[in-house]
Amino acid sequence: MSTTTGSSDFASVSTSTAPYTTPSTTTYTPSTSTTTTTTTNNSFPFPTYTTFPPFYTLQPNLQTRARQLELWSTLITTYSAHHHLFRLTLSTLPADLFSNPAIHRSLKPSDIRLVLDHLSKHESGPRVEWLAPSSKGETSSTCLVYWKSLSEWADLIYGWVDETGQKGAVLTIYELREGEGVGGREWVGMDEVFLRKVLGVLVKRGKAQVFGLEESAGVKFF
């Protein structure tokens, strides 16, 4: 089966996260259906376009590729939100995010980086941010995933501080990430690097001050 497709094929594909279903052995036609079925455990409802074999090969036609990258952007951010992922590392990527064993298709490593690079330059604001590599001269292999923007996370955390009457209080980075008081909140377990970037937004707004560099560092809210 060819791994290229016309622009009209991708243009008609819905970004709905309809659950993943195993494709039949007949010729595949990309579905735009938004029908959902019940999923169990913590399974992610894969959109139907992930059963479309050409989805796993970056298309040469620029218009088609633009639509394809848009679909990948939606998949990565919704998958990360569902599984509460705040960072992706190329050497330890989730096994099911960039491949579909049922149709024997995977996005090759160089194209995964290209997709993530696209998300880092998203015109409506970056959806990922590459972290600086540990050694000079190396290429970054880890990125933060912004399924909410830093500003949106800052609003959520500050809203919680206000709601719980903690303006003027000093909380540690650990308490903000793992404390009993944040149970059930979307940012529980947030990557520390990510959280510090969020707090940086509040510092710039004059809503917080951060003291120290470790998890025991204090954060005072105003």
# chains A, B, ... in the order shown; residues from 1 in each chain; ligands from 1
>>> residues_around(residues="segment 160-165 of chain A", least_positions_apart="2", cutoff="12 Å", atoms="only C-alpha atoms", output="list in words")
Trp153, Ala154, Asp155, Leu156, Ile157, Tyr158, Lys167, Gly168, Ala169, Val170, Leu171, Leu176, Gly181, Val182, Gly183, Gly184, Arg185, Glu186, Trp187, Leu202, Lys207, Ala208, Val219, Lys220, Phe221 and Phe222 of chain A
>>> select_by_dssp(residues="segment 39-221 of chain A", states="strand (DSSP E)", output="list in words")
Arg87, Leu88, Thr89, Ser99, Asn100, Arg105, Ser106, Val128, Glu129, Trp130, Thr142, Cys143, Leu144, Val145, Val170, Leu171, Thr172, Ala208, Gln209, Val210, Phe211, Gly218, Val219, Lys220 and Phe221 of chain A
>>> closest_residue(among="A:Ser73, A:Ser149, A:Asn61, A:Arg87", to="Met190 of chain A", atoms="only C-alpha atoms")
A:Arg87
>>> closest_residue(among="A:Thr50, A:Thr57, A:Ser43, A:Phe86", to="Pro109 of chain A", atoms="only C-alpha atoms")
A:Thr57
>>> residues_around(residues="Thr77 of chain A", least_positions_apart="4", cutoff="9 Å", atoms="only C-alpha atoms", output="PyMOL selection string")
chain A and resi 72-73+81-82+127-128+145-148
>>> closest_residue(among="A:Tyr49, A:Phe98, A:Phe211, A:Tyr174", to="Asp191 of chain A", atoms="only C-alpha atoms")
A:Tyr174
>>> select_by_dssp(residues="segment 64-205 of chain A", states="helix (DSSP H, G or I)", output="PyMOL selection string")
chain A and resi 64-83+90-92+101-103+109-120+150-163+173-178+180-182+192-204
>>> closest_residue(among="A:Thr51, A:Ser135, A:Thr74, A:Ser91", to="His104 of chain A", atoms="only C-alpha atoms")
A:Thr51
>>> atom_distance(atom1="atom CA of Glu129 of chain A", atom2="atom CA of Thr64 of chain A")
24.6 Å
>>> closest_atom_pairs(of="segment 51-114 of chain A", to="segment 131-134 of chain A", cutoff="12 Å", atoms="only C-alpha atoms", output="JSON lines")
{"residue": "A:Arg87", "atom": "CA", "partner": "A:Leu131", "partner_atom": "CA", "distance": 9.5}
{"residue": "A:Leu88", "atom": "CA", "partner": "A:Leu131", "partner_atom": "CA", "distance": 10.2}
{"residue": "A:Thr89", "atom": "CA", "partner": "A:Leu131", "partner_atom": "CA", "distance": 10.0}
{"residue": "A:Leu90", "atom": "CA", "partner": "A:Leu131", "partner_atom": "CA", "distance": 12.0}
>>> closest_residue(among="A:Val115, A:Gly137, A:Phe55, A:Pro60", to="Ile76 of chain A", atoms="only C-alpha atoms")
A:Val115
>>> closest_residue(among="A:Gly218, A:Ser151, A:Ser106, A:Leu71", to="Leu119 of chain A", atoms="only C-alpha atoms")
A:Leu71
